[in-house]
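Notes to accompany the following structure.
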Amino acid sequence: MDFTTHVINGLGLGSIYALVALGYSMVYGIVQLINFSHGDIIMVGGYSVYLVMSILGLPVWIAAPVAIIVCTLTGVIIERVAYHRLLVHNAARISLLITAMGVSIFLQNVFMLFFGSDPKAMPPLFTSTILKIGSLELASSTILNIITSVIMMSGLQLLVNKTKIGKAMQAASEDTEAAKLMGINTNSVIAITFAVGSALAAVGALLYSNTYPQVRPDMGNLLGLKAFVAAVFGGIGSIPGAMLGGYALGVAESLTKAYISTKLTDAVVFGILIIMLLVKPSGLMGKNKKEKV
Amino acid sequence: MKKMRIVSLLLVAIMLMGIFAGCKTKESDTIKIGGLAPLTGDVANYGKAVNNAVLMAVKDINEKGGILGKQIEYIYEDEKGDPTEAVNAYNKLVEEGIVALVGDVTSKPTKAVALKAKEDNMPMITASGTEESITLVGNNVFRTCFIDPYQGQLMASYASKKLNAKTAAIIYDTGDPYSTGIADAFETAAKSFGMTITNKEGYTTKSTDFNTQLTKIKTSNPEVIMVPVYYSDVALIAVQAKNHGITAKLLGADGWDSVLDKIDKSDVDALANGYFCSQYSDTSTDPNLQNFLKEYKETYEIEPNMFSVLGYDSMQIMAAAIEKAGSTDADKIIDALKSTDYAGLTGTTTFDGNRNPIRQAFITSFEDNKYKFVELYSMS
């Protein structure tokens with residue numbers, strides 16, 4: 001019985017990884033950039049909720065849209081200010097990567113400057129109850145995380161597969177130059193990708209602050225890194241892969257804590273990444289793309 | 001030749017002056033007590049809190065006529081939180097003729113100074129050096145603060161004797177010596193009181209997800225859960241425990257101080273069943289303590305903290321020992337310190353064989369989003 005609870009707890013944690021991993025995966029799919037500042041978008045979302053709910057004392061139905069809007073704007077602004085010129089001029093990937101790290105450090109320090117480095121208490125977004133399913137007793141926040149992440153992923157699948165902009169995204173990710181020749185405005189496609197990724201991260205931030213009611217400037221570090229691992233594990237560039245990777249990582253973490261050792265949790269997570277890269281470098285659901293020479 | 005004679009006469013005169021000057025210091029009408037504290041640098045906050053309070057204690061003692069009929073002259077040095085600086089500063093104080101030392105503040109410099117002070121047989125008391133080995137250096141070294149394991153033992157005793165708990169779980173930070181020290185001491189002590197430790201769950205520093213550990217603890221359903229960690233983690237653990245429907249009483253140590261800053265008002269019921277021990281409580285109704293806190297705030301325009309309260313008591317304990325010794329002879333002061341029975345701001349202090357304090361702890365709980373002083377508790 002405990003085992004089932006541990007798995008469900010893991011899925012709850014994994015849902016947050018999954019939502020963040022989607023952003024990594026989508027951006028990578030289109031511009032081949034590992035956007036290391038993506039984890040910090042969660043932090044931006046967390047502080048938005050903190051400002052609206054704790055400082056201004058407004059309810060969650062205002063905080064949630066505010067967080068999503070702030071994160072979306074932050075994502076787009078980062079793309080426009082930091083990456084756009086590099087992408088247009090076809091800069092080396094390493095320059096993009098370094099820029100992404102710079103953005104991450106910048107964001108963390110700005111928030112540290114304004115809010116201090118100590119954690120801030122968050123109010124619970126939704127009233128927490130204990131759900132009894134048979135003999136299982138689960139925290140409602142865990143179930144909320146899982147349900148929300150599934151809805152988000154389904155929505156994203158619809159967006160990518162059924163809408164015009166989704167098809168443009170797919171085209172751009174297949175071949176940016178060819179997409180351009182076909183009359184697709186790749187610049188706006190890239191911006192929209194960042195926006196959607198950041199909005200998903202905002203939802204992740206909402207779930208995160210509901211489950212772990214504290215925000216701190218460096219909260220995006222480990223979270224972002226694990227989400228990145230989830231994206232690579234699931235196959236970077238693949239949407240269902242990112243979700244699957246997130247869930248797998250969450251469950252692995254939970255089971256390691258429960259049955260192996262709490263000290264080894266992170267070692268297991270990154271161990272999984274190493275094994276995956278050795279065995280199947282393209283990830284669980286990744287396509288094995290040949291490098292064009 | 002004549003010149004030479006004058007020069008030698010002068011030299012003799014100067015030397016004689018030196019001798020008389022020496023006599024004068026020995027018969028001075030003050031008693032010199034040295035102080036060491038980091039007043040600049042990373043840990044300056046702690047140093048200032050202790051030193052400010054020591055200065056207040058000196059003022060209070062002198063206003064009441066001093067000790068042995070003389071005024072206390074408190075000479076202090078800034079050691080910047082550095083062991084080497086601390087030893088140099090200590091040597092300087094010894095040259096100035098101190099008879100006892102109140103200091104140092106943080107563990108590392110305190111240990112370094114203790115090793116030197118042992119050679120000089122200098123009576124010394126630290127307000128806040130918690131590391132266990134400091135007082136083991138020599139029988140001249142005392143401390144006012146609790147050592148970390150003591151809090152673990154104390155809370156185990158409280159759980160067993162006051163809360164009548166038979167089962168306990170522990171959740172602690174495996175990367176922090178403070179947390180592991182208290183957790184281990186709690187485990188050993190709880191077992192010696194006949195309690196069963198159902199779970200001892202660790203986590204890595206900076207963890208935010210405690211669901212797995214709490215699920216395991218919930219299954220074994222202990223009566224109390226010991227959470228010897230710092231306040232930010234306490235807040236996260238308490239809220240997640242509440243979300244899992246865990247109703248066991250949460251116990252903690254002085255790291256819980258300020259936990260209310262890190263938990264939202266609407267989540268504060270997660271702590272309703274929490275008890276933690278600390279060395280003083282600003283919600284205590286003791287008028288002396290309240291006066292001290294008020295005066296400290298007025299004098300220095302900052303909030304006093306645990307370090308200030310311990311600093312004040314340290315100076316008072318040292319002064320009382322010198323008075324009791326009846327002289328400034330080091331051995332007599334040390335003997336007097338050993339038999340200390342001093343009622344101060346932190347309660348009544350006596351020393352055990354390792355010169356660590358034996359004293360009641362302040363047990364604090366929570367009510368209406370505020371700290372609530374429950375009772376004074378001592379192990380014996």
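For the structure tokens, the naming scheme is as follows: chains receive sequential letters (A, B, ...) according to their order of presentation, residues are indexed from 1 within each chain, and ligands are indexed from 1 in presentation order.
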
Inset, instruction - Could you please tell me, as a ChimeraX atom specification, which residues of chain B have an atom within 6 Å of chain A when using only C-alpha atoms? - result: /B:203-204,212,243-244,262-264

Once you have the residues from the selection above, write them out as a compact mmCIF listing (two decimals), in the first residue's frame, restricted to all heavy atoms.
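Here's the written file out37.txt:
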```
# COMPACT_ATOMS: atom_id res chain seq x y z
N TYR B 203 17.10 13.80 5.05
CA TYR B 203 16.95 14.42 3.73
C TYR B 203 18.18 15.24 3.45
O TYR B 203 18.93 15.57 4.38
CB TYR B 203 15.67 15.26 3.65
CG TYR B 203 15.64 16.50 4.54
CD1 TYR B 203 16.19 17.70 4.11
CD2 TYR B 203 15.05 16.44 5.80
CE1 TYR B 203 16.16 18.82 4.92
CE2 TYR B 203 15.02 17.57 6.61
CZ TYR B 203 15.58 18.75 6.16
OH TYR B 203 15.55 19.87 6.97
N THR B 204 18.41 15.56 2.16
CA THR B 204 19.60 16.33 1.83
C THR B 204 19.30 17.82 1.96
O THR B 204 18.16 18.25 1.75
CB THR B 204 20.06 16.03 0.39
OG1 THR B 204 18.91 16.07 -0.45
CG2 THR B 204 20.70 14.66 0.30
N THR B 212 7.74 11.71 0.56
CA THR B 212 8.09 10.30 0.75
C THR B 212 8.36 9.99 2.22
O THR B 212 7.82 9.04 2.78
CB THR B 212 9.32 9.96 -0.10
OG1 THR B 212 9.10 10.45 -1.42
CG2 THR B 212 9.56 8.48 -0.13
N ASN B 243 -0.70 18.46 5.20
CA ASN B 243 -1.38 18.03 3.98
C ASN B 243 -1.54 16.51 3.89
O ASN B 243 -2.41 16.01 3.19
CB ASN B 243 -0.63 18.54 2.74
CG ASN B 243 -0.75 20.04 2.61
OD1 ASN B 243 -1.56 20.66 3.29
ND2 ASN B 243 0.07 20.64 1.76
N HIS B 244 -0.66 15.79 4.58
CA HIS B 244 -0.78 14.33 4.61
C HIS B 244 -1.69 13.87 5.74
O HIS B 244 -1.86 12.67 5.94
CB HIS B 244 0.60 13.69 4.77
CG HIS B 244 1.34 13.56 3.48
ND1 HIS B 244 1.12 12.55 2.59
CD2 HIS B 244 2.27 14.35 2.91
CE1 HIS B 244 1.89 12.71 1.53
NE2 HIS B 244 2.60 13.80 1.70
N LYS B 262 8.40 32.21 8.24
CA LYS B 262 8.53 31.41 7.02
C LYS B 262 7.29 30.60 6.71
O LYS B 262 7.30 29.74 5.86
CB LYS B 262 9.73 30.46 7.16
CG LYS B 262 11.05 31.16 7.34
CD LYS B 262 11.42 31.97 6.11
CE LYS B 262 12.53 32.94 6.44
NZ LYS B 262 12.49 34.14 5.65
N ILE B 263 6.22 30.83 7.44
CA ILE B 263 5.02 30.06 7.20
C ILE B 263 3.86 31.05 7.07
O ILE B 263 3.78 32.02 7.83
CB ILE B 263 4.81 29.02 8.32
CG1 ILE B 263 3.79 27.97 7.92
CG2 ILE B 263 4.44 29.64 9.64
CD1 ILE B 263 3.92 26.69 8.75
N ASP B 264 3.01 30.82 6.07
CA ASP B 264 1.92 31.75 5.86
C ASP B 264 0.86 31.61 6.96
O ASP B 264 0.67 30.54 7.52
CB ASP B 264 1.29 31.50 4.50
CG ASP B 264 0.34 32.60 4.11
OD1 ASP B 264 0.83 33.67 3.70
OD2 ASP B 264 -0.88 32.42 4.26
```

Legend entry - Contacts of region 64-77 of chain B at 10 Å (only C-alpha atoms; same-chain gap of 6+ positions) as a count of residues only: 40

Legend entry - Contacts of Ala230 (chain A) at 7 Å (only C-alpha atoms; same-chain gap of 6+ positions) as a list in words: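 Selected residues are Tyr17, Ala21, Ala242, Gly245, Gly246 and Leu249 of chain A.
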
Legend entry - Residue neighbourhood region 187-201 of chain A, 9 Å, only C-alpha atoms, exclusion window fewer than 5 positions, as a ChimeraX atom specification: /A:16,19-27,30-31,38-39,41-42,45,67-80,84,88,152,156,165-166,168-169,172,206

Inset, instruction - Per DSSP on the backbone, filter region 164-276 of chain B down to the residues in strand (DSSP E or B) and report them as a list in words. - result: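 Strand (DSSP E or B) members of region 164-276 of chain B, listed: Thr167, Ala168, Ala169, Ile170, Ile171, Tyr172, Asp173, Thr196, Ile197, Thr198, Asn199, Lys200, Glu201, Gly202, Tyr203, Val224, Ile225, Met226, Lys249, Leu250, Leu251, Gly252, Gly274, Tyr275 and Phe276 of chain B.
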
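Here CA of Ile274 (chain A) stands at a distance of 23.4 Å from CA of Asp209 (chain B).
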
Legend entry - Interatomic distance, CA of Gln213 (chain B) to CA of Thr247 (chain B) (Å, one decimal): 15.0 Å

Any idea what's packed within 10 Å of Trp256 (chain B), counting only C-alpha atoms, ignoring anything in its chain fewer than 2 positions away? Could you give it as an mmCIF file with N, CA, C and O atoms, in the first residue's frame?
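In the end it all went to part.cif:
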```
data_model
loop_
_atom_site.group_PDB
_atom_site.id
_atom_site.type_symbol
_atom_site.label_atom_id
_atom_site.label_comp_id
_atom_site.auth_asym_id
_atom_site.auth_seq_id
_atom_site.Cartn_x
_atom_site.Cartn_y
_atom_site.Cartn_z
ATOM 1 N N VAL B 227 11.833 17.181 14.764
ATOM 2 C CA VAL B 227 12.279 17.858 13.540
ATOM 3 C C VAL B 227 13.400 18.850 13.885
ATOM 4 O O VAL B 227 13.172 20.057 13.954
ATOM 5 N N PRO B 228 14.607 18.355 14.139
ATOM 6 C CA PRO B 228 15.673 19.256 14.601
ATOM 7 C C PRO B 228 16.371 19.964 13.452
ATOM 8 O O PRO B 228 17.527 19.691 13.163
ATOM 9 N N VAL B 229 15.671 20.854 12.780
ATOM 10 C CA VAL B 229 16.244 21.549 11.625
ATOM 11 C C VAL B 229 15.979 23.050 11.762
ATOM 12 O O VAL B 229 15.321 23.486 12.700
ATOM 13 N N TYR B 230 16.479 23.829 10.811
ATOM 14 C CA TYR B 230 16.278 25.270 10.882
ATOM 15 C C TYR B 230 14.900 25.681 10.364
ATOM 16 O O TYR B 230 14.231 24.926 9.677
ATOM 17 N N TYR B 231 14.522 26.904 10.686
ATOM 18 C CA TYR B 231 13.128 27.331 10.551
ATOM 19 C C TYR B 231 12.506 27.212 9.164
ATOM 20 O O TYR B 231 11.343 26.871 9.043
ATOM 21 N N SER B 232 13.286 27.483 8.081
ATOM 22 C CA SER B 232 12.679 27.418 6.740
ATOM 23 C C SER B 232 12.219 26.003 6.436
ATOM 24 O O SER B 232 11.129 25.794 5.899
ATOM 25 N N ASP B 233 13.087 25.035 6.774
ATOM 26 C CA ASP B 233 12.731 23.643 6.523
ATOM 27 C C ASP B 233 11.577 23.212 7.419
ATOM 28 O O ASP B 233 10.713 22.442 6.997
ATOM 29 N N VAL B 234 11.572 23.715 8.657
ATOM 30 C CA VAL B 234 10.483 23.367 9.579
ATOM 31 C C VAL B 234 9.148 23.742 8.945
ATOM 32 O O VAL B 234 8.187 22.969 8.947
ATOM 33 N N ALA B 235 9.099 24.948 8.348
ATOM 34 C CA ALA B 235 7.859 25.426 7.747
ATOM 35 C C ALA B 235 7.396 24.473 6.644
ATOM 36 O O ALA B 235 6.231 24.071 6.594
ATOM 37 N N LEU B 251 8.177 18.200 17.297
ATOM 38 C CA LEU B 251 9.102 18.730 18.299
ATOM 39 C C LEU B 251 10.320 19.314 17.612
ATOM 40 O O LEU B 251 10.706 18.858 16.536
ATOM 41 N N GLY B 252 10.936 20.292 18.240
ATOM 42 C CA GLY B 252 12.125 20.870 17.635
ATOM 43 C C GLY B 252 13.020 21.538 18.658
ATOM 44 O O GLY B 252 12.712 21.547 19.849
ATOM 45 N N ALA B 253 14.120 22.095 18.148
ATOM 46 C CA ALA B 253 15.079 22.751 19.029
ATOM 47 C C ALA B 253 15.156 24.237 18.675
ATOM 48 O O ALA B 253 14.264 24.760 18.015
ATOM 49 N N ASP B 254 16.224 24.906 19.107
ATOM 50 C CA ASP B 254 16.239 26.369 18.964
ATOM 51 C C ASP B 254 16.326 26.848 17.513
ATOM 52 O O ASP B 254 16.143 28.028 17.257
ATOM 53 N N SER B 258 11.973 31.878 14.873
ATOM 54 C CA SER B 258 11.611 32.620 13.642
ATOM 55 C C SER B 258 10.831 31.794 12.632
ATOM 56 O O SER B 258 10.631 32.242 11.514
ATOM 57 N N VAL B 259 10.389 30.586 12.978
ATOM 58 C CA VAL B 259 9.664 29.772 11.996
ATOM 59 C C VAL B 259 8.388 30.475 11.521
ATOM 60 O O VAL B 259 7.980 30.336 10.367
ATOM 61 N N LEU B 260 7.805 31.296 12.378
ATOM 62 C CA LEU B 260 6.555 31.967 11.988
ATOM 63 C C LEU B 260 6.761 32.937 10.820
ATOM 64 O O LEU B 260 5.820 33.260 10.104
ATOM 65 N N GLY B 274 3.028 21.937 17.700
ATOM 66 C CA GLY B 274 4.485 21.968 17.737
ATOM 67 C C GLY B 274 5.016 22.455 19.070
ATOM 68 O O GLY B 274 4.423 23.331 19.712
ATOM 69 N N TYR B 275 6.120 21.868 19.501
ATOM 70 C CA TYR B 275 6.799 22.318 20.719
ATOM 71 C C TYR B 275 8.280 22.403 20.418
ATOM 72 O O TYR B 275 8.837 21.456 19.852
ATOM 73 N N PHE B 276 8.919 23.503 20.768
ATOM 74 C CA PHE B 276 10.367 23.510 20.627
ATOM 75 C C PHE B 276 11.019 24.099 21.871
ATOM 76 O O PHE B 276 10.392 24.847 22.613
ATOM 77 N N CYS B 277 12.268 23.698 22.085
ATOM 78 C CA CYS B 277 12.976 24.211 23.259
ATOM 79 C C CYS B 277 13.917 25.301 22.796
ATOM 80 O O CYS B 277 14.418 25.287 21.684
ATOM 81 N N SER B 278 14.110 26.291 23.650
ATOM 82 C CA SER B 278 15.091 27.307 23.339
ATOM 83 C C SER B 278 15.683 27.777 24.654
ATOM 84 O O SER B 278 15.234 27.392 25.724
ATOM 85 N N THR B 364 8.404 26.293 24.027
ATOM 86 C CA THR B 364 7.512 27.236 23.363
ATOM 87 C C THR B 364 6.595 26.483 22.407
ATOM 88 O O THR B 364 7.014 25.510 21.787
#
```

Legend entry - Near-Gly344 (chain B) list (10 Å; only C-alpha atoms; drop same-chain fewer than 5 positions) as an MDAnalysis selection string: chainID B and resid 288:289 309:310 312:314 316:317 349
